[in-house]
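Novice: Provided herewith: final37.pdb, PDB, C-alpha atoms.
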```
ATOM      1  CA  MET A   1      33.545 -44.802   8.364
ATOM      2  CA  LYS A   2      34.357 -45.876   4.813
ATOM      3  CA  ARG A   3      31.076 -47.802   4.662
ATOM      4  CA  TYR A   4      29.074 -44.668   5.593
ATOM      5  CA  ILE A   5      30.799 -42.598   2.907
ATOM      6  CA  LEU A   6      30.179 -45.343   0.339
ATOM      7  CA  VAL A   7      26.456 -45.510   1.232
ATOM      8  CA  LEU A   8      26.213 -41.704   1.090
ATOM      9  CA  LEU A   9      27.838 -41.656  -2.357
ATOM     10  CA  MET A  10      25.446 -44.344  -3.578
ATOM     11  CA  LEU A  11      22.481 -42.233  -2.448
ATOM     12  CA  ILE A  12      23.765 -38.919  -3.787
ATOM     13  CA  SER A  13      25.244 -40.026  -7.126
ATOM     14  CA  PRO A  14      21.878 -40.516  -8.912
ATOM     15  CA  LEU A  15      20.832 -37.041  -7.794
ATOM     16  CA  MET A  16      24.079 -35.516  -9.045
ATOM     17  CA  ALA A  17      23.608 -37.149 -12.453
ATOM     18  CA  GLN A  18      20.318 -35.330 -13.016
ATOM     19  CA  ASP A  19      20.240 -32.062 -14.945
ATOM     20  CA  ASN A  20      18.957 -29.633 -12.316
ATOM     21  CA  THR A  21      19.786 -26.502 -14.304
ATOM     22  CA  LYS A  22      16.301 -26.279 -15.795
ATOM     23  CA  VAL A  23      13.590 -25.130 -13.425
ATOM     24  CA  ILE A  24      10.155 -25.978 -14.773
ATOM     25  CA  PHE A  25       7.222 -23.885 -13.614
ATOM     26  CA  PRO A  26       3.692 -25.046 -14.324
ATOM     27  CA  PRO A  27       2.021 -22.985 -17.054
ATOM     28  CA  VAL A  28      -0.614 -20.489 -15.935
ATOM     29  CA  GLN A  29      -3.755 -20.120 -18.030
ATOM     30  CA  LEU A  30      -4.926 -16.483 -18.214
ATOM     31  CA  ASN A  31      -8.269 -15.175 -19.424
ATOM     32  CA  ASN A  32      -8.856 -11.442 -19.803
ATOM     33  CA  ALA A  33     -12.444 -10.479 -19.050
ATOM     34  CA  LEU A  34     -13.827  -6.969 -19.576
ATOM     35  CA  LYS A  35     -17.290  -6.493 -18.089
ATOM     36  CA  PHE A  36     -19.506  -3.502 -18.783
ATOM     37  CA  TYR A  37     -22.587  -3.295 -16.554
ATOM     38  CA  LEU A  38     -25.404  -1.237 -15.062
ATOM     39  CA  MET A  39     -25.576  -0.980 -11.277
ATOM     40  CA  ALA A  40     -29.017  -1.155  -9.662
ATOM     41  CA  GLY A  41     -29.144  -0.478  -5.930
ATOM     42  CA  LEU A  42     -27.182   1.938  -3.801
ATOM     43  CA  PRO A  43     -24.903   2.860  -5.444
ATOM     44  CA  ALA A  44     -26.610   3.169  -8.824
ATOM     45  CA  GLY A  45     -24.772   3.954 -12.055
ATOM     46  CA  ILE A  46     -22.573   2.204 -14.623
ATOM     47  CA  GLY A  47     -19.357   0.255 -14.215
ATOM     48  CA  LEU A  48     -16.474  -1.306 -16.084
ATOM     49  CA  THR A  49     -14.449  -4.171 -14.602
ATOM     50  CA  TYR A  50     -11.272  -5.682 -15.984
ATOM     51  CA  THR A  51     -10.809  -9.165 -14.534
ATOM     52  CA  ALA A  52      -7.650 -11.215 -14.887
ATOM     53  CA  GLU A  53      -8.679 -14.856 -14.413
ATOM     54  CA  PHE A  54      -5.849 -17.248 -13.525
ATOM     55  CA  ARG A  55      -5.950 -21.056 -13.676
ATOM     56  CA  SER A  56      -3.037 -23.370 -12.913
ATOM     57  CA  ARG A  57      -3.527 -25.258 -16.197
ATOM     58  CA  PRO A  58      -6.006 -25.216 -19.125
ATOM     59  CA  THR A  59      -7.950 -28.180 -17.729
ATOM     60  CA  SER A  60      -8.221 -26.752 -14.205
ATOM     61  CA  ALA A  61     -11.689 -25.654 -13.101
ATOM     62  CA  THR A  62     -10.509 -23.403 -10.241
ATOM     63  CA  ILE A  63     -10.319 -19.696 -11.088
ATOM     64  CA  HIS A  64      -8.403 -17.059  -9.140
ATOM     65  CA  ALA A  65      -9.602 -13.622 -10.267
ATOM     66  CA  LEU A  66      -8.314 -10.109  -9.718
ATOM     67  CA  ASN A  67     -11.038  -7.503 -10.406
ATOM     68  CA  MET A  68     -10.143  -3.898 -11.196
ATOM     69  CA  ASP A  69     -13.305  -1.769 -11.065
ATOM     70  CA  MET A  70     -14.016   1.691 -12.419
ATOM     71  CA  GLN A  71     -17.514   3.006 -11.709
ATOM     72  CA  PHE A  72     -19.462   6.149 -12.524
ATOM     73  CA  ILE A  73     -21.967   6.594  -9.714
ATOM     74  CA  ALA A  74     -25.159   8.550 -10.328
ATOM     75  CA  ILE A  75     -26.504   8.280  -6.768
ATOM     76  CA  GLU A  76     -25.375   6.684  -3.515
ATOM     77  CA  PHE A  77     -26.468   6.758   0.090
ATOM     78  CA  THR A  78     -23.227   7.608   1.904
ATOM     79  CA  PRO A  79     -22.465   7.608   5.650
ATOM     80  CA  ILE A  80     -22.929  11.402   5.712
ATOM     81  CA  GLY A  81     -25.918  11.743   3.364
ATOM     82  CA  THR A  82     -27.118  11.105  -0.169
ATOM     83  CA  GLY A  83     -24.435  11.779  -2.768
ATOM     84  CA  VAL A  84     -24.935  12.446  -6.468
ATOM     85  CA  ILE A  85     -22.419  12.187  -9.316
ATOM     86  CA  GLY A  86     -19.199  10.508  -8.297
ATOM     87  CA  GLY A  87     -16.761   7.791  -9.178
ATOM     88  CA  GLU A  88     -14.967   4.841  -7.631
ATOM     89  CA  PHE A  89     -11.843   2.826  -8.374
ATOM     90  CA  GLY A  90     -11.360  -0.513  -6.665
ATOM     91  CA  LEU A  91      -9.413  -3.758  -6.558
ATOM     92  CA  GLN A  92     -10.834  -7.073  -5.324
ATOM     93  CA  TYR A  93      -9.766 -10.729  -5.202
ATOM     94  CA  SER A  94     -12.250 -13.492  -6.085
ATOM     95  CA  ILE A  95     -12.124 -17.263  -6.300
ATOM     96  CA  GLY A  96     -14.454 -19.499  -8.253
ATOM     97  CA  SER A  97     -14.972 -22.180 -10.837
ATOM     98  CA  LEU A  98     -15.082 -22.653 -14.583
ATOM     99  CA  LEU A  99     -18.286 -24.604 -15.235
ATOM    100  CA  PRO A 100     -18.607 -27.407 -17.842
ATOM    101  CA  SER A 101     -20.840 -25.148 -19.980
ATOM    102  CA  GLY A 102     -17.988 -22.614 -20.333
ATOM    103  CA  ALA A 103     -19.654 -20.258 -17.854
ATOM    104  CA  ARG A 104     -17.832 -19.045 -14.775
ATOM    105  CA  PHE A 105     -19.010 -18.342 -11.252
ATOM    106  CA  TYR A 106     -16.942 -16.844  -8.479
ATOM    107  CA  VAL A 107     -17.200 -15.426  -5.008
ATOM    108  CA  ASP A 108     -15.790 -11.969  -4.283
ATOM    109  CA  LEU A 109     -13.579 -11.908  -1.236
ATOM    110  CA  ILE A 110     -11.820  -8.900   0.236
ATOM    111  CA  GLY A 111     -10.865  -5.749  -1.661
ATOM    112  CA  VAL A 112     -10.297  -2.008  -1.316
ATOM    113  CA  GLY A 113     -11.322   1.105  -3.185
ATOM    114  CA  ALA A 114     -11.392   4.892  -3.243
ATOM    115  CA  GLU A 115     -14.312   7.056  -4.329
ATOM    116  CA  PHE A 116     -15.361  10.667  -4.670
ATOM    117  CA  MET A 117     -18.953  11.786  -4.237
ATOM    118  CA  GLY A 118     -20.655  15.145  -4.622
ATOM    119  CA  ILE A 119     -22.308  15.991  -1.304
ATOM    120  CA  GLY A 120     -22.326  19.758  -1.476
ATOM    121  CA  ASP A 121     -18.564  19.540  -2.057
ATOM    122  CA  LEU A 122     -16.569  16.694  -3.548
ATOM    123  CA  VAL A 123     -15.936  14.344  -0.604
ATOM    124  CA  PRO A 124     -13.320  11.533  -0.715
ATOM    125  CA  PHE A 125     -14.286   8.120   0.678
ATOM    126  CA  TYR A 126     -12.544   4.814   1.136
ATOM    127  CA  SER A 127     -14.287   1.505   0.640
ATOM    128  CA  ILE A 128     -13.750  -2.047   1.810
ATOM    129  CA  LYS A 129     -15.137  -4.522  -0.711
ATOM    130  CA  LEU A 130     -17.114  -7.289   0.961
ATOM    131  CA  LEU A 131     -18.587 -10.643   0.006
ATOM    132  CA  GLY A 132     -20.228 -10.809  -3.414
ATOM    133  CA  PHE A 133     -21.029 -13.154  -6.295
ATOM    134  CA  GLN A 134     -20.307 -12.864 -10.024
ATOM    135  CA  HIS A 135     -21.491 -15.086 -12.866
ATOM    136  CA  THR A 136     -20.836 -14.982 -16.598
ATOM    137  CA  THR A 137     -22.777 -17.347 -18.847
ATOM    138  CA  SER A 138     -21.175 -19.037 -21.847
ATOM    139  CA  ASN A 139     -22.844 -16.498 -24.183
ATOM    140  CA  GLY A 140     -21.280 -13.543 -22.301
ATOM    141  CA  PHE A 141     -24.252 -12.369 -20.187
ATOM    142  CA  TYR A 142     -22.919 -11.095 -16.868
ATOM    143  CA  TRP A 143     -24.580 -10.522 -13.487
ATOM    144  CA  GLY A 144     -23.234  -9.948 -10.016
ATOM    145  CA  LEU A 145     -24.323  -9.160  -6.473
ATOM    146  CA  ARG A 146     -21.661  -7.025  -4.800
ATOM    147  CA  SER A 147     -21.342  -5.170  -1.508
ATOM    148  CA  LYS A 148     -19.014  -2.767   0.305
ATOM    149  CA  LEU A 149     -18.437  -0.659   3.383
ATOM    150  CA  SER A 150     -17.791   3.053   2.803
ATOM    151  CA  LEU A 151     -15.660   5.013   5.236
ATOM    152  CA  VAL A 152     -15.180   8.764   5.461
ATOM    153  CA  ASN A 153     -13.160  10.741   7.982
ATOM    154  CA  ILE A 154     -14.396  14.314   8.387
ATOM    155  CA  ALA A 155     -13.841  17.146  10.844
ATOM    156  CA  ILE A 156     -16.828  18.202  12.948
ATOM    157  CA  ASN A 157     -16.756  21.735  14.301
ATOM    158  CA  ASN A 158     -17.579  22.235  17.968
ATOM    159  CA  SER A 159     -18.972  25.768  18.173
ATOM    160  CA  THR A 160     -19.047  25.860  21.976
ATOM    161  CA  GLU A 161     -15.362  25.052  22.394
ATOM    162  CA  ASN A 162     -14.296  26.643  19.084
ATOM    163  CA  SER A 163     -12.483  23.484  17.942
ATOM    164  CA  SER A 164     -12.909  20.644  15.480
ATOM    165  CA  LEU A 165     -12.944  16.903  16.025
ATOM    166  CA  LYS A 166     -12.154  14.213  13.426
ATOM    167  CA  LYS A 167     -14.793  11.502  13.231
ATOM    168  CA  THR A 168     -15.083   8.412  11.006
ATOM    169  CA  PHE A 169     -18.470   7.514   9.528
ATOM    170  CA  VAL A 170     -19.248   4.059   8.121
ATOM    171  CA  GLY A 171     -21.940   3.124   5.578
ATOM    172  CA  PHE A 172     -23.000   0.002   3.698
ATOM    173  CA  GLY A 173     -23.757  -0.299  -0.006
ATOM    174  CA  ALA A 174     -24.921  -3.175  -2.205
ATOM    175  CA  TYR A 175     -25.985  -3.435  -5.836
ATOM    176  CA  LEU A 176     -26.982  -5.802  -8.602
ATOM    177  CA  ALA A 177     -24.744  -5.581 -11.679
ATOM    178  CA  ILE A 178     -26.172  -6.633 -15.060
ATOM    179  CA  GLY A 179     -24.185  -6.421 -18.268
ATOM    180  CA  TYR A 180     -21.942  -8.162 -20.788
ATOM    181  CA  ASP A 181     -18.506  -9.777 -20.484
ATOM    182  CA  PHE A 182     -16.420  -8.806 -23.524
ATOM    183  CA  GLY A 183     -14.005 -11.596 -22.586
ATOM    184  CA  LYS A 184     -16.386 -13.682 -24.726
ATOM    185  CA  LYS A 185     -15.216 -11.633 -27.740
ATOM    186  CA  ILE A 186     -11.550 -11.441 -26.659
ATOM    187  CA  ASN A 187     -11.104 -15.171 -25.983
ATOM    188  CA  PRO A 188     -14.197 -17.062 -27.252
ATOM    189  CA  LYS A 189     -12.606 -20.526 -26.889
ATOM    190  CA  ASP A 190     -12.419 -20.104 -23.126
ATOM    191  CA  TYR A 191     -16.224 -19.753 -22.982
ATOM    192  CA  GLU A 192     -16.964 -22.909 -24.994
ATOM    193  CA  PRO A 193     -18.435 -25.996 -23.279
ATOM    194  CA  ARG A 194     -15.870 -28.518 -22.118
ATOM    195  CA  SER A 195     -15.886 -32.034 -20.725
ATOM    196  CA  ARG A 196     -14.523 -32.723 -17.286
TER     197      ARG A 196
END
```
Output the file's structure as structure tokens, nothing else.
Specialist:
Amino acid sequence: MKRYILVLLMLISPLMAQDNTKVIFPPVQLNNALKFYLMAGLPAGIGLTYTAEFRSRPTSATIHALNMDMQFIAIEFTPIGTGVIGGEFGLQYSIGSLLPSGARFYVDLIGVGAEFMGIGDLVPFYSIKLLGFQHTTSNGFYWGLRSKLSLVNIAINNSTENSSLKKTFVGFGAYLAIGYDFGKKINPKDYEPRSR
């Protein structure tokens, strides 16, 4: 028994001598991107996206991005008809890469949003952000292909039974975004070419 305790002490003593009071977390590199763009497609309008780009370290090429969108929509084909003048707020997660030229390219994954469109009255919608692509060149030019599903839950009146029934309508929207990433002005060093 004494031998086992002695072996255990020999194994544990180097660990006990270490200073474990300091917990070291790897630094996270953050780039703030602010993209202003025109939307061509359905919906059509203008948009502003704040994107927080996270990398595990300055030399890492992998980007995790959280996009917060605010859009003014001039026209959109909704599940219940064509809507004019509205707005949308959304949140979407993307993952991508920082390219050697200083440009960045990422793929939009899942996200959610809420929008209001004028279709006779102001109608609230919900949206599920779908697969998309975003690219910013090293000089700040921005383009993206983005898509979404729009959902609206409305009551339909049944005149024969004098009652109403709730029904959910689903529509699809996609657009090309073209604009400028002001992250180039906020943090120009992050857009400079780099060696890998």
Novice: Identify all residues satisfying the PyMOL selection byres ((chain A and resi 130) around 8) in the given file; provide them as a list in words.
Specialist: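 Checking the PyMOL selection byres ((chain A and resi 130) around 8) against this file, the residues are Asp108, Leu109, Ile110, Gly111, Ile128, Lys129, Leu131, Gly132, Arg146, Ser147, Lys148 and Leu149 of chain A.
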Novice: Which distance in Å separates atom CA of Phe116 of chain A and atom CA of Phe172 of chain A, to one decimal?
Specialist: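 Result for atom CA of Phe116 of chain A versus atom CA of Phe172 of chain A: 15.6 Å, one decimal.
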Novice: If the PyMOL selection byres ((chain A and resi 73-75) around 8) is run on the structure shown, which residues does it catch, given as a VMD selection string?
Specialist: chain A and resid 42 to 46 71 to 72 76 to 77 82 to 88
Novice: Selection in question (the file shown): the PyMOL selection byres ((chain A and resi 96-102) around 10). Which residues does it include, as an MDAnalysis selection string?
Specialist: chainID A and resid 53 55 59:65 94:95 103:108 133:140 188:196
Novice: Which of these, A:Gly113, A:Asn67, A:Gly144, A:Lys35, has the shortest distance to Ala177 of chain A once you count only C-alpha atoms?
Specialist: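 When distances to Ala177 of chain A are compared using only C-alpha atoms, the smallest one comes from A:Gly144.
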